[in-house]
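J.: My structure is stored as input28.cif, with mmCIF, C-alpha atoms.
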```
data_query
loop_
_atom_site.label_atom_id
_atom_site.label_comp_id
_atom_site.auth_asym_id
_atom_site.auth_seq_id
_atom_site.Cartn_x
_atom_site.Cartn_y
_atom_site.Cartn_z
CA MET V 1 187.83 72.67 78.64
CA LEU V 2 188.47 69.78 81.04
CA GLN V 3 191.82 68.90 82.58
CA ILE V 4 192.18 65.92 84.94
CA THR V 5 195.62 65.63 86.51
CA ASP V 6 196.95 62.76 88.66
CA LEU V 7 193.50 61.91 90.00
CA HIS V 8 193.43 59.39 92.87
CA LYS V 9 190.27 58.13 94.53
CA ARG V 10 189.90 55.66 97.38
CA PHE V 11 186.92 53.91 98.92
CA GLY V 12 188.11 52.98 102.38
CA GLU V 13 191.41 51.15 102.04
CA LYS V 14 190.89 50.34 98.36
CA GLU V 15 192.27 52.71 95.75
CA ILE V 16 189.91 52.87 92.76
CA LEU V 17 191.62 55.49 90.57
CA HIS V 18 195.41 55.35 90.23
CA GLY V 19 196.54 58.72 88.90
CA ILE V 20 194.15 59.53 86.01
CA ASP V 21 195.40 62.11 83.50
CA LEU V 22 192.98 63.27 80.79
CA SER V 23 192.49 66.44 78.78
CA VAL V 24 189.38 67.36 76.79
CA GLN V 25 189.86 70.25 74.37
CA PRO V 26 187.24 72.74 73.08
CA GLY V 27 185.40 71.37 70.07
CA GLU V 28 186.22 67.77 70.97
CA ILE V 29 184.09 64.69 71.57
CA PHE V 30 186.02 62.52 74.01
CA GLY V 31 185.04 58.87 74.52
CA PHE V 32 185.86 57.12 77.80
CA ILE V 33 185.59 53.33 77.69
CA GLY V 34 186.30 50.37 79.94
CA HIS V 35 184.67 47.27 81.40
CA ASN V 36 182.19 47.40 84.28
CA GLY V 37 184.02 48.45 87.44
CA ALA V 38 187.00 49.91 85.58
CA GLY V 39 186.52 53.37 87.10
CA LYS V 40 184.58 55.27 84.42
CA THR V 41 181.63 56.34 86.55
CA THR V 42 183.87 57.06 89.55
CA THR V 43 185.97 59.36 87.38
CA ILE V 44 182.89 61.11 86.03
CA ARG V 45 181.43 61.58 89.51
CA CYS V 46 184.69 63.14 90.66
CA VAL V 47 184.64 65.46 87.65
CA THR V 48 181.10 66.59 88.42
CA GLY V 49 181.80 67.19 92.11
CA ILE V 50 179.56 64.37 93.33
CA LEU V 51 182.48 62.44 94.81
CA PRO V 52 185.43 63.95 96.70
CA PHE V 53 188.91 62.67 95.85
CA GLU V 54 192.16 62.35 97.74
CA THR V 55 194.78 63.85 95.44
CA GLY V 56 195.01 65.40 91.99
CA SER V 57 193.09 68.21 90.35
CA ILE V 58 190.12 68.69 88.06
CA ILE V 59 189.88 71.97 86.16
CA ILE V 60 186.77 72.84 84.14
CA HIS V 61 186.89 75.92 81.94
CA GLY V 62 189.62 77.36 84.17
CA HIS V 63 187.83 76.59 87.47
CA ASP V 64 188.88 74.04 90.09
CA ILE V 65 186.05 71.66 91.00
CA GLN V 66 187.24 71.50 94.62
CA LYS V 67 187.91 75.22 95.13
CA ASP V 68 185.06 76.70 93.07
CA PRO V 69 182.44 74.00 92.42
CA LEU V 70 179.60 76.42 91.60
CA ALA V 71 181.61 78.12 88.85
CA CYS V 72 182.36 74.70 87.39
CA LYS V 73 178.75 73.56 87.57
CA ARG V 74 177.59 76.66 85.69
CA CYS V 75 179.77 75.51 82.79
CA PHE V 76 178.65 71.92 82.36
CA ALA V 77 175.63 69.65 82.13
CA TYR V 78 175.72 66.13 83.53
CA LEU V 79 173.59 63.21 82.38
CA PRO V 80 174.12 60.13 84.60
CA ASP V 81 173.57 56.57 83.42
CA ASN V 82 170.27 56.34 85.30
CA PRO V 83 168.87 59.86 85.76
CA ASP V 84 166.88 60.34 88.95
CA LEU V 85 164.20 62.88 88.09
CA TYR V 86 161.54 64.29 90.41
CA GLU V 87 158.85 61.71 89.81
CA ASN V 88 155.89 63.79 91.02
CA MET V 89 156.69 66.70 88.71
CA THR V 90 155.45 66.84 85.15
CA GLY V 91 158.07 66.94 82.43
CA ILE V 92 157.57 70.67 81.82
CA GLN V 93 157.75 71.44 85.55
CA PHE V 94 161.05 69.62 85.81
CA LEU V 95 162.51 71.40 82.77
CA ASN V 96 161.42 74.78 84.11
CA PHE V 97 163.01 73.86 87.45
CA ILE V 98 166.33 73.19 85.68
CA ALA V 99 165.96 76.40 83.67
CA ASP V 100 165.44 78.35 86.91
CA ILE V 101 168.65 76.88 88.36
CA PHE V 102 170.62 78.15 85.37
CA GLY V 103 168.83 81.49 85.27
CA MET V 104 167.39 81.07 81.79
CA GLU V 105 165.08 83.80 80.49
CA GLU V 106 161.46 82.83 79.82
CA ASP V 107 161.56 83.21 76.03
CA ASP V 108 164.87 81.40 75.68
CA ARG V 109 163.84 78.46 77.83
CA MET V 110 160.54 77.94 76.03
CA LYS V 111 162.22 78.02 72.62
CA GLN V 112 164.83 75.51 73.75
CA ILE V 113 162.34 73.21 75.46
CA GLU V 114 159.99 73.21 72.47
CA SER V 115 162.74 72.68 69.90
CA LEU V 116 164.58 69.91 71.76
CA SER V 117 161.49 68.06 72.97
CA LYS V 118 159.97 68.01 69.48
CA GLU V 119 163.20 66.65 68.00
CA LEU V 120 163.21 63.90 70.64
CA GLU V 121 159.45 63.31 70.22
CA ILE V 122 158.65 64.00 73.87
CA TYR V 123 156.86 67.35 73.45
CA ASP V 124 153.32 65.92 73.65
CA HIS V 125 154.17 64.15 76.93
CA LEU V 126 155.66 67.08 78.85
CA GLY V 127 152.38 67.56 80.70
CA ASP V 128 152.54 64.00 82.07
CA GLN V 129 153.94 63.22 85.49
CA ILE V 130 157.45 61.84 85.19
CA LYS V 131 156.52 58.72 87.15
CA ALA V 132 154.05 57.83 84.38
CA LEU V 133 156.73 57.93 81.67
CA SER V 134 158.68 54.93 80.38
CA HIS V 135 162.41 54.68 81.07
CA GLY V 136 163.18 55.84 77.54
CA MET V 137 160.87 58.84 77.82
CA LYS V 138 162.43 59.83 81.14
CA GLN V 139 165.82 59.61 79.47
CA LYS V 140 164.61 62.00 76.75
CA VAL V 141 163.44 64.53 79.37
CA ALA V 142 166.89 64.29 80.96
CA VAL V 143 168.56 64.86 77.58
CA VAL V 144 166.47 68.01 77.02
CA SER V 145 167.44 69.27 80.48
CA ALA V 146 171.13 68.73 79.70
CA PHE V 147 171.17 70.62 76.40
CA MET V 148 168.72 73.44 76.93
CA HIS V 149 171.04 75.86 78.75
CA ASP V 150 173.82 75.49 76.13
CA PRO V 151 176.57 74.10 78.40
CA ASP V 152 180.24 74.55 77.51
CA LEU V 153 180.93 70.96 78.57
CA LEU V 154 178.55 68.04 78.35
CA ILE V 155 179.34 65.08 80.63
CA LEU V 156 177.43 61.90 79.82
CA ASP V 157 177.55 58.46 81.43
CA GLU V 158 176.14 55.78 79.09
CA PRO V 159 173.82 58.29 77.40
CA PHE V 160 172.38 55.96 74.75
CA VAL V 161 170.93 53.39 77.16
CA GLY V 162 167.15 53.34 76.85
CA LEU V 163 166.95 55.64 73.83
CA ASP V 164 165.26 54.51 70.63
CA PRO V 165 167.25 54.69 67.35
CA LYS V 166 165.87 58.09 66.32
CA ALA V 167 166.55 59.64 69.73
CA SER V 168 170.08 58.19 69.67
CA TYR V 169 170.63 59.79 66.28
CA VAL V 170 169.33 63.16 67.51
CA LEU V 171 171.58 62.97 70.57
CA LYS V 172 174.65 62.28 68.43
CA GLN V 173 173.80 65.21 66.16
CA LYS V 174 173.35 67.50 69.16
CA MET V 175 176.72 66.40 70.55
CA LYS V 176 178.35 67.30 67.24
CA GLN V 177 176.57 70.66 67.07
CA LEU V 178 177.70 71.55 70.59
CA CYS V 179 181.31 70.90 69.59
CA GLN V 180 180.96 72.85 66.35
CA GLN V 181 179.95 75.81 68.53
CA GLY V 182 183.13 75.47 70.61
CA GLY V 183 181.80 73.24 73.38
CA SER V 184 183.10 69.81 74.40
CA VAL V 185 181.64 66.40 75.18
CA PHE V 186 183.08 63.85 77.62
CA PHE V 187 181.13 60.60 77.69
CA SER V 188 181.38 56.95 78.61
CA SER V 189 179.80 54.16 76.62
CA HIS V 190 179.89 50.41 76.12
CA VAL V 191 178.73 50.86 72.52
CA LEU V 192 182.20 50.75 70.96
CA GLU V 193 181.01 51.23 67.39
CA VAL V 194 179.41 54.55 68.39
CA VAL V 195 182.58 55.64 70.21
CA GLU V 196 184.74 54.71 67.22
CA ASN V 197 182.59 56.62 64.74
CA LEU V 198 181.70 59.62 66.89
CA CYS V 199 184.78 60.52 68.93
CA ASP V 200 187.76 62.71 68.09
CA HIS V 201 189.71 61.45 71.09
CA LEU V 202 189.31 58.49 73.41
CA ALA V 203 190.79 56.81 76.45
CA ILE V 204 190.58 53.22 77.65
CA ILE V 205 190.59 52.61 81.40
CA LYS V 206 191.19 49.32 83.20
CA GLU V 207 191.28 48.80 86.97
CA GLY V 208 191.56 52.53 87.58
CA GLN V 209 194.44 53.14 85.19
CA ILE V 210 194.50 54.60 81.68
CA LEU V 211 195.82 52.02 79.20
CA ARG V 212 195.39 54.05 76.01
CA ASN V 213 194.84 57.77 75.49
CA GLY V 214 194.99 59.52 72.15
CA THR V 215 193.10 60.62 69.09
CA THR V 216 190.80 58.03 67.59
CA GLN V 217 193.00 58.01 64.50
CA GLU V 218 196.12 57.30 66.58
CA ILE V 219 194.53 54.46 68.53
CA LEU V 220 193.11 52.82 65.39
CA GLU V 221 196.32 53.32 63.42
CA GLY V 222 197.08 49.59 63.15
CA GLY V 223 193.92 48.94 61.15
CA LYS V 224 192.09 47.12 63.94
CA THR V 225 188.63 48.06 65.13
CA LEU V 226 188.14 49.63 68.52
CA GLU V 227 186.39 46.46 69.64
CA GLU V 228 189.44 44.35 68.72
CA ILE V 229 191.82 46.74 70.51
CA PHE V 230 189.58 46.84 73.58
CA LEU V 231 189.35 43.05 73.82
CA GLU V 232 193.12 42.68 73.47
CA LEU V 233 193.71 45.12 76.33
CA GLU V 234 191.16 43.34 78.50
CA GLN V 235 193.06 40.03 78.36
#
```
Show me, as structure tokens, the structure contained in the file I just sent.
T.:
Amino acid sequence: MLQITDLHKRFGEKEILHGIDLSVQPGEIFGFIGHNGAGKTTTIRCVTGILPFETGSIIIHGHDIQKDPLACKRCFAYLPDNPDLYENMTGIQFLNFIADIFGMEEDDRMKQIESLSKELEIYDHLGDQIKALSHGMKQKVAVVSAFMHDPDLLILDEPFVGLDPKASYVLKQKMKQLCQQGGSVFFSSHVLEVVENLCDHLAIIKEGQILRNGTTQEILEGGKTLEEIFLELEQ
């Protein structure tokens, strides 16, 4: 579903990513963890086509993000750590805008919007302007927009920030359902307990290099928690 090979990224003279190799398989929830500044968001922005990169390749569902970015973007949904929504739109206007981009039929989009927004308890606020919503409510609108077109790959950067406990639970269930249907999830998070319990596969990045990469079972094989392993690698 997602193949990152020998990815290098520089900002000026400073190299930020030093040959990242990652593979996310269909049906897999892949956790990507590391301290602030380790390269998680830079990697994700390269994957989504937001940032160019010097060398390496990123293949999404058989398409190269550099050679065929539109084909890649039809396959995935991206939820950044601080979603910038169109503040003067209402929630329903924004969701219809996203549905138009992905060419969703009227009946399908309304069913998806109603179902997802009710689960996340945002349905009654979709008529409000986005600028009037709290950070958590904006995050819920963004979550609806990410799931409603049934992406093959869901790319999330710190998705649980700002969500209340029920919304976090709904998001985790939706991530699992997407994978059960053959999709994949690639997400970063500082909430290590969630990563440990939710992910099939995970990678730990430090200073632009992958320190550990394997199934969750393999990485936790020694009986230590993910938090303990992470802190040891950070020393």
J.: For a quick check of understanding, using all atoms listed in the file, which of V:Glu158, V:Glu28, V:Gln129, V:Phe187 has the smallest distance to His201 of chain V?
T.: V:Glu28
J.: Could the residues of segment 56-108 of chain V that have an atom at most 12 Å from segment 137-142 of chain V be listed as a Markdown table, each with its closest atom pair and the distance in Å to one decimal, counting only C-alpha atoms and ordered by chain and ascending residue number?
T.:
```
| residue | atom | partner | partner_atom | distance |
| --- | --- | --- | --- | --- |
| V:Ala77 | CA | V:Ala142 | CA | 10.3 |
| V:Tyr78 | CA | V:Ala142 | CA | 9.4 |
| V:Leu79 | CA | V:Ala142 | CA | 6.9 |
| V:Pro80 | CA | V:Ala142 | CA | 9.1 |
| V:Asp81 | CA | V:Gln139 | CA | 9.2 |
| V:Asn82 | CA | V:Gln139 | CA | 8.0 |
| V:Pro83 | CA | V:Ala142 | CA | 6.8 |
| V:Asp84 | CA | V:Ala142 | CA | 8.9 |
| V:Leu85 | CA | V:Ala142 | CA | 7.7 |
| V:Tyr86 | CA | V:Lys138 | CA | 10.3 |
| V:Glu87 | CA | V:Lys138 | CA | 9.6 |
| V:Met89 | CA | V:Lys138 | CA | 11.7 |
| V:Thr90 | CA | V:Val141 | CA | 10.1 |
| V:Gly91 | CA | V:Val141 | CA | 6.6 |
| V:Ile92 | CA | V:Val141 | CA | 8.8 |
| V:Gln93 | CA | V:Val141 | CA | 10.9 |
| V:Phe94 | CA | V:Val141 | CA | 8.5 |
| V:Leu95 | CA | V:Val141 | CA | 7.7 |
| V:Asn96 | CA | V:Val141 | CA | 11.5 |
| V:Ile98 | CA | V:Ala142 | CA | 10.1 |
```
J.: Which one of V:Ile4, V:Ile219, V:Ile229, V:Val144 sits closest to Lys174 of chain V if you count only C-alpha atoms?
T.: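 So, comparing all the options, the nearest one is V:Val144.
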J.: Taking (179.8, 71.3, 75.7) in the coordinates of the supplied file, I want to know which residues reach to within 7 Å of it, counting all atoms listed in the file; could you give the answer as a ChimeraX atom specification?
T.: /V:76,151-154,178-179,183-185
J.: Name all residues at most 9 Å from segment 31-37 of chain V (count all atoms listed in the file; drop same-chain ones fewer than 6 positions away) and give them as a ChimeraX atom specification.
T.: /V:185-192,195-196,198-208,230,234
J.: Can you measure atom CA of His135 of chain V to atom CA of Leu156 of chain V for me? One decimal in Å is fine.
T.: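 Pair atom CA of His135 of chain V / atom CA of Leu156 of chain V returns 16.7 Å.
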J.: Between atom CA of Ala132 of chain V and atom CA of Lys166 of chain V, what distance in Å does the model show, to one decimal?
T.: 21.6 Å
J.: Which residues are close to segment 101-111 of chain V, i.e. within 9 Å by only C-alpha atoms, leaving aside same-chain residues fewer than 4 positions away? Reply as a VMD selection string.
T.: chain V and resid 74 95 to 97 115 to 116 148 to 149
J.: Output C-alpha atoms for every residue in that selection, as a CSV table (one decimal), in the frame of the given file.
T.:
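Below is the file selection-v5.csv, written as the result:
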```csv
chain,number,residue,atom,x,y,z
V,74,ARG,CA,177.6,76.7,85.7
V,95,LEU,CA,162.5,71.4,82.8
V,96,ASN,CA,161.4,74.8,84.1
V,97,PHE,CA,163.0,73.9,87.4
V,115,SER,CA,162.7,72.7,69.9
V,116,LEU,CA,164.6,69.9,71.8
V,148,MET,CA,168.7,73.4,76.9
V,149,HIS,CA,171.0,75.9,78.8
```
J.: Nearest to Thr55 of chain V among V:Ile29, V:Ile122, V:Leu17, V:Leu220, with distances taken over all atoms listed in the file: which residue is it?
T.: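 So, comparing all the options, the nearest one is V:Leu17.
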J.: Let me make sure I understand: among V:Ala99, V:Ile16, V:Cys75, V:Met1, which one has the smallest atom-to-atom distance to Ser145 of chain V if we use only C-alpha atoms?
T.: V:Ala99
J.: Quick one, how far is atom CA of Leu211 of chain V from atom CA of Glu193 of chain V?
T.: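 The value is 19.0 Å.
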J.: For Leu70 of chain V, please output as a ChimeraX atom specification all residues within 10 Å (counting all atoms listed in the file; exclusion window: fewer than 6 positions along the same chain).
T.: /V:49,63-64
J.: List as a ChimeraX atom specification the protein and nucleic acid residues near Ile50 of chain V, meaning an atom at most 12 Å away when all atoms listed in the file are counted, but skip any in the same chain fewer than 2 places from it.
T.: /V:41-48,52-53,65-66,69,73,78,80
J.: From the set V:Leu22, V:Leu133, V:Val194, V:Ala38, which residue has the shortest atom-to-atom contact distance to Gln209 of chain V, counting all atoms listed in the file?
T.: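 Result for the nearest residue to Gln209 of chain V: V:Ala38.
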J.: Go through V:Glu218, V:Thr5, V:Val170, V:Ile113 one by one, measure the shortest atom-to-atom distance of each to Ser23 of chain V using all atoms listed in the file, and give the residue with the smallest value.
T.: V:Thr5
J.: Work out where the centre of an axis-aligned box around every listed atom of segment 181-188 of chain V lies and how long its edges are once 3 Å is added on each side; give both in Å to one decimal as AutoDock Vina command-line options.
T.:
```
--center_x 181.5 --center_y 66.4 --center_z 73.6 --size_x 9.2 --size_y 24.9 --size_z 16.1
```
J.: At a cut-off of 8 Å around the point (193.9, 69.8, 75.7) (file coordinates), what residues fall inside when counting all atoms listed in the file? I'd like the answer as an MDAnalysis selection string.
T.: chainID V and resid 1:3 23:26
